[in-house]
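A quick write-up on the structure given underneath.
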Amino acid sequence: MAQEEKLSGYRWMILFVVCLICFMANFMQYQVSAWGVVVMTTLGIDAGGLTNLMLMPMLTAVFLSIPAGSLADRYGVKLVVSIGMVLSAVGGFLRYFMINDFTVQIVSMFMIGFGIAALNANLAKVLGSWFKQQTSLAVGVFYAASCVSIVIAQAFSTYFPTLDVSYLVAAIAEAVTAALWIFFMRNVPEGEPMPEPEPVMKYIKIAAKSRGVWCIALAYGLTLASTTAYCAILPSALELVRGVDTATAGSMAAIITVGSFFACFAGPAAVLKLGKNKPFLIVTTVIAAVVMVANWFLPLGTVMWVALVLNGFMTALSGPIIQAMTPDLPEIGAKYAGSAGGIIGTVGLLCSYFVPVIVSSISGDNWTLNFTIESILFLASVLPIAMLPETGAAAKAEMPETSEL
């Protein structure tokens, strides 16, 4: 048990298709942002309507995460995500054919979120089954694909001649991605048995009774909500308070993604080397919170740009590691990881919506207070992390008798 398991080479195909789903989901969502002015003109909506349109795929996940996770535990990830991807592809084509109808656009964006919501709920289950001790590294690659997708969507979506063409190409690419998932996906590596199916509610009850699941959910929710809110208000704060022009403020916020991209690989690699997750997570979370709040007080210029990259790097280190811990919880394992992932995803998305709203209502136009609260919330994730069991490779080697579900 202390020895590393031999991993199937086919895991790289699984990771490729998983990352492709992530890439397309983010690309289709951020297309709306890149074409923002055209979308508002075409649909006759304001900035609020545009924001609502963009957030629809996230709303899908709020409703779908828990049922998608528990159903995947019962019937297999391939079937559940396949259905989600087909609905996403239909949504993509619906968005293209009914491009002038705002109501239909809302429905289509909600449908586009089905595939990624079903996958995200089961991400730890899928990658945990195929990558075992390397799960955090695989999750890091997944996160990196998300970063790359957002940048490409923002930078290149408008290179298509019209909004219609951009939407059509994305819909076709989503349909191809769905086909690749259906054709290449396998629930478990060859030679490994599928867990014995149980009633759907039993999966949810076991996951919901796990303290570790709720600790991961809270840590994930706090880090995701605080960093999302921080990046969302940064361009406006730089423009209104520090006197930065609009274009430069947007670029300064975007460069945080550069640091995040490299952190997606560095964090998982570090814990694989160290053999322990918790000490690394606790130390880097404290440092990240300090960097977040200090970043706002630095003078404009090179030092600010460097700090923004460091901000993105430090705050993104924990995400892949925290999510990868789910199937390593002794009471969860691969069998209940879908239901656990559904709970974690739901909590994370609810935090991402409500926390920024609450913080903004408290801080008002006091940008310094807003950034300070976001940093404190990120730091607060240390508490649920500290309550988690150690699931790193070194801990597993010390406890060879740990049961696997």
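Just remember, in the structure tokens the first chain shown is A, the second B, etc., residues are 1-based per chain, and ligands are 1-based in the order shown.
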
Give me, as number ranges by chain, all polymer residues having an atom no more than 12 Å from A:Glu239, counting only C-alpha atoms and skipping those fewer than 4 positions away in the same chain. A: 233-235, 243-253, 300, 367

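Between atom CA of A:Val81 and atom CA of A:Gly69 the interatomic distance comes to 9.8 Å.
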
Non-local contacts of A:Gly115 (7 Å; only C-alpha atoms; under 5 positions in same chain excluded) as an NGL selection string: :A and (81 or 84-85 or 88)

So, with only C-alpha atoms as the atoms that count, which of A:Ala269, A:Met314, A:Ile322, A:Leu127 lies closest to A:Gly212? A:Ile322

Counting only C-alpha atoms, the residue of A:Ala34, A:Ala145, A:Ile321, A:Leu59 that sits nearest A:Leu163: A:Ala34

Just want the 9 Å neighbourhood of stretch 184-194 of chain A, counted on only C-alpha atoms, with same-chain residues fewer than 3 positions away dropped. Output as an MDAnalysis selection string. chainID A and resid 7:8 10:11 13:14 17 76:78 126 129:130 179:181 197 335

Export of the given selection (C-alpha atoms) as an mmCIF file, in the first residue's frame:
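This went into again_31.cif:
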data_model
loop_
_atom_site.group_PDB
_atom_site.id
_atom_site.type_symbol
_atom_site.label_atom_id
_atom_site.label_comp_id
_atom_site.auth_asym_id
_atom_site.auth_seq_id
_atom_site.Cartn_x
_atom_site.Cartn_y
_atom_site.Cartn_z
ATOM 1 C CA LEU A 7 -0.864 4.103 -13.561
ATOM 2 C CA SER A 8 -2.457 3.426 -16.927
ATOM 3 C CA TYR A 10 -4.577 5.923 -21.038
ATOM 4 C CA ARG A 11 -4.942 8.470 -18.226
ATOM 5 C CA MET A 13 -6.288 10.653 -23.001
ATOM 6 C CA ILE A 14 -8.768 11.040 -20.149
ATOM 7 C CA VAL A 17 -10.722 15.185 -22.979
ATOM 8 C CA GLY A 76 -20.986 6.090 -13.722
ATOM 9 C CA VAL A 77 -19.407 9.408 -14.660
ATOM 10 C CA LYS A 78 -19.389 8.698 -18.389
ATOM 11 C CA VAL A 126 -12.534 11.009 -12.519
ATOM 12 C CA SER A 129 -9.581 7.053 -10.416
ATOM 13 C CA TRP A 130 -7.028 7.523 -13.197
ATOM 14 C CA ALA A 179 -18.341 13.179 -29.188
ATOM 15 C CA LEU A 180 -14.753 12.786 -27.993
ATOM 16 C CA TRP A 181 -15.935 12.350 -24.396
ATOM 17 C CA PRO A 197 -24.105 0.525 -7.043
ATOM 18 C CA LYS A 335 -16.973 5.469 -4.577
#

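Of the listed residues (A:Ala225, A:Leu281, A:Ile116, A:Leu329), A:Leu329 comes nearest to A:Ser210; the distances count only C-alpha atoms.
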
Mind dumping a table of every stretch 217-245 of chain A residue within 12 Å of stretch 255-267 of chain A, with the nearest atom pair and its distance in Å to one decimal, using only C-alpha atoms, sorted by chain and rising number, as JSON lines?
{"residue": "A:Thr227", "atom": "CA", "partner": "A:Ile256", "partner_atom": "CA", "distance": 10.3}
{"residue": "A:Thr228", "atom": "CA", "partner": "A:Ile256", "partner_atom": "CA", "distance": 11.3}
{"residue": "A:Tyr230", "atom": "CA", "partner": "A:Ile256", "partner_atom": "CA", "distance": 10.6}
{"residue": "A:Cys231", "atom": "CA", "partner": "A:Ile256", "partner_atom": "CA", "distance": 8.1}
{"residue": "A:Ala232", "atom": "CA", "partner": "A:Ile256", "partner_atom": "CA", "distance": 11.5}
{"residue": "A:Leu234", "atom": "CA", "partner": "A:Ile256", "partner_atom": "CA", "distance": 10.5}
{"residue": "A:Pro235", "atom": "CA", "partner": "A:Ile255", "partner_atom": "CA", "distance": 11.4}

Mind checking which residues fall within 8 Å of A:Thr368, counting only C-alpha atoms, ignoring those fewer than 3 positions away in the same chain, and posting them as a list in words? Trp296, Phe371 and Thr372 of chain A

Residue selection dump (N, CA and C atoms) as an mmCIF file, in the first residue's frame:
data_model
loop_
_atom_site.group_PDB
_atom_site.id
_atom_site.type_symbol
_atom_site.label_atom_id
_atom_site.label_comp_id
_atom_site.auth_asym_id
_atom_site.auth_seq_id
_atom_site.Cartn_x
_atom_site.Cartn_y
_atom_site.Cartn_z
ATOM 1 N N TRP A 296 -2.429 46.096 -2.875
ATOM 2 C CA TRP A 296 -3.206 47.314 -3.092
ATOM 3 C C TRP A 296 -2.442 48.574 -2.666
ATOM 4 N N PHE A 371 -10.774 45.208 -0.262
ATOM 5 C CA PHE A 371 -9.619 44.336 -0.490
ATOM 6 C C PHE A 371 -9.144 43.691 0.812
ATOM 7 N N THR A 372 -9.234 44.425 1.900
ATOM 8 C CA THR A 372 -8.807 43.882 3.199
ATOM 9 C C THR A 372 -9.707 42.725 3.622
#

With distances taken over only C-alpha atoms, which residue among A:Leu224, A:Asp164, A:Thr158, A:Gly392 lies nearest A:Leu274? A:Gly392

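With only C-alpha atoms as the atoms that count, the minimum distance from A:Lys202 to the choices A:Val39, A:Ala340, A:Val141, A:Met56 is reached by A:Ala340.
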
Kindly assemble as CSV a list of the stretch 16-94 of chain A residues that lie within 8 Å of stretch 168-177 of chain A, each paired with its nearest atom pair and their distance in Å to one decimal, using only C-alpha atoms, sorted first by chain and then by ascending residue number.
residue,atom,partner,partner_atom,distance
A:Val17,CA,A:Thr177,CA,7.4
A:Leu20,CA,A:Thr177,CA,6.8
A:Ile21,CA,A:Thr177,CA,6.5
A:Met24,CA,A:Glu174,CA,6.4
A:Phe27,CA,A:Ala170,CA,8.0
A:Met28,CA,A:Ala170,CA,6.5
A:Met85,CA,A:Ala175,CA,7.9
A:Val86,CA,A:Ala175,CA,7.2
A:Ser88,CA,A:Glu174,CA,7.4
A:Ala89,CA,A:Ala175,CA,5.1
A:Val90,CA,A:Ala171,CA,8.0
A:Gly92,CA,A:Ala171,CA,4.5
A:Phe93,CA,A:Ala171,CA,5.4

I'd like to know which residues of stretch 71-305 of chain A are helix (DSSP H, G or I) (by DSSP, run on the backbone); could you write them as an MDAnalysis selection string? chainID A and resid 71:75 77:97 102:121 123:159 163:184 200:208 211:240 246:254 256:274 278:297 302:305

For A:Ala324, list every protein, DNA or RNA residue within 9 Å, evaluated using only C-alpha atoms, and leave out those in the same chain fewer than 3 positions away; present the list as a list of chain:residue names. A:Leu123, A:Ala124, A:Lys125, A:Leu127, A:Gly128, A:Gln134, A:Thr135, A:Ser136, A:Leu137, A:Ala138, A:Val139, A:Gly319, A:Pro320, A:Ile321, A:Pro327, A:Asp328

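The residue that comes closest to A:Val62, out of A:Asn120, A:Thr285, A:Asn370, A:Ser363 and on the basis of only C-alpha atoms, is A:Asn120.
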
Give me the residues within 7 Å of A:Ile204 as a CSV table (one decimal) with N, CA and C atoms, in the first residue's frame, counting only C-alpha atoms and dropping any in the same chain fewer than 3 places off.
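The result, stored in out05.csv:
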chain,number,residue,atom,x,y,z
A,70,SER,N,-24.1,12.6,-7.3
A,70,SER,CA,-24.7,11.4,-6.8
A,70,SER,C,-25.1,10.4,-7.9
A,200,VAL,N,-29.2,6.1,-4.7
A,200,VAL,CA,-28.6,7.5,-4.8
A,200,VAL,C,-28.6,8.2,-3.5
A,201,MET,N,-29.6,8.2,-2.7
A,201,MET,CA,-29.6,9.0,-1.5
A,201,MET,C,-28.6,8.5,-0.5
A,207,ALA,N,-21.7,11.3,1.9
A,207,ALA,CA,-20.9,12.5,1.7
A,207,ALA,C,-21.2,13.6,2.6
A,208,ALA,N,-22.5,13.8,2.9
A,208,ALA,CA,-22.9,14.9,3.7
A,208,ALA,C,-22.6,14.7,5.2
A,339,SER,N,-20.6,12.5,-5.2
A,339,SER,CA,-21.5,13.1,-4.3
A,339,SER,C,-20.8,14.2,-3.5

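With atom CA of A:Gln154 on one side and atom CA of A:Gly348 on the other, the separation reads 24.2 Å.
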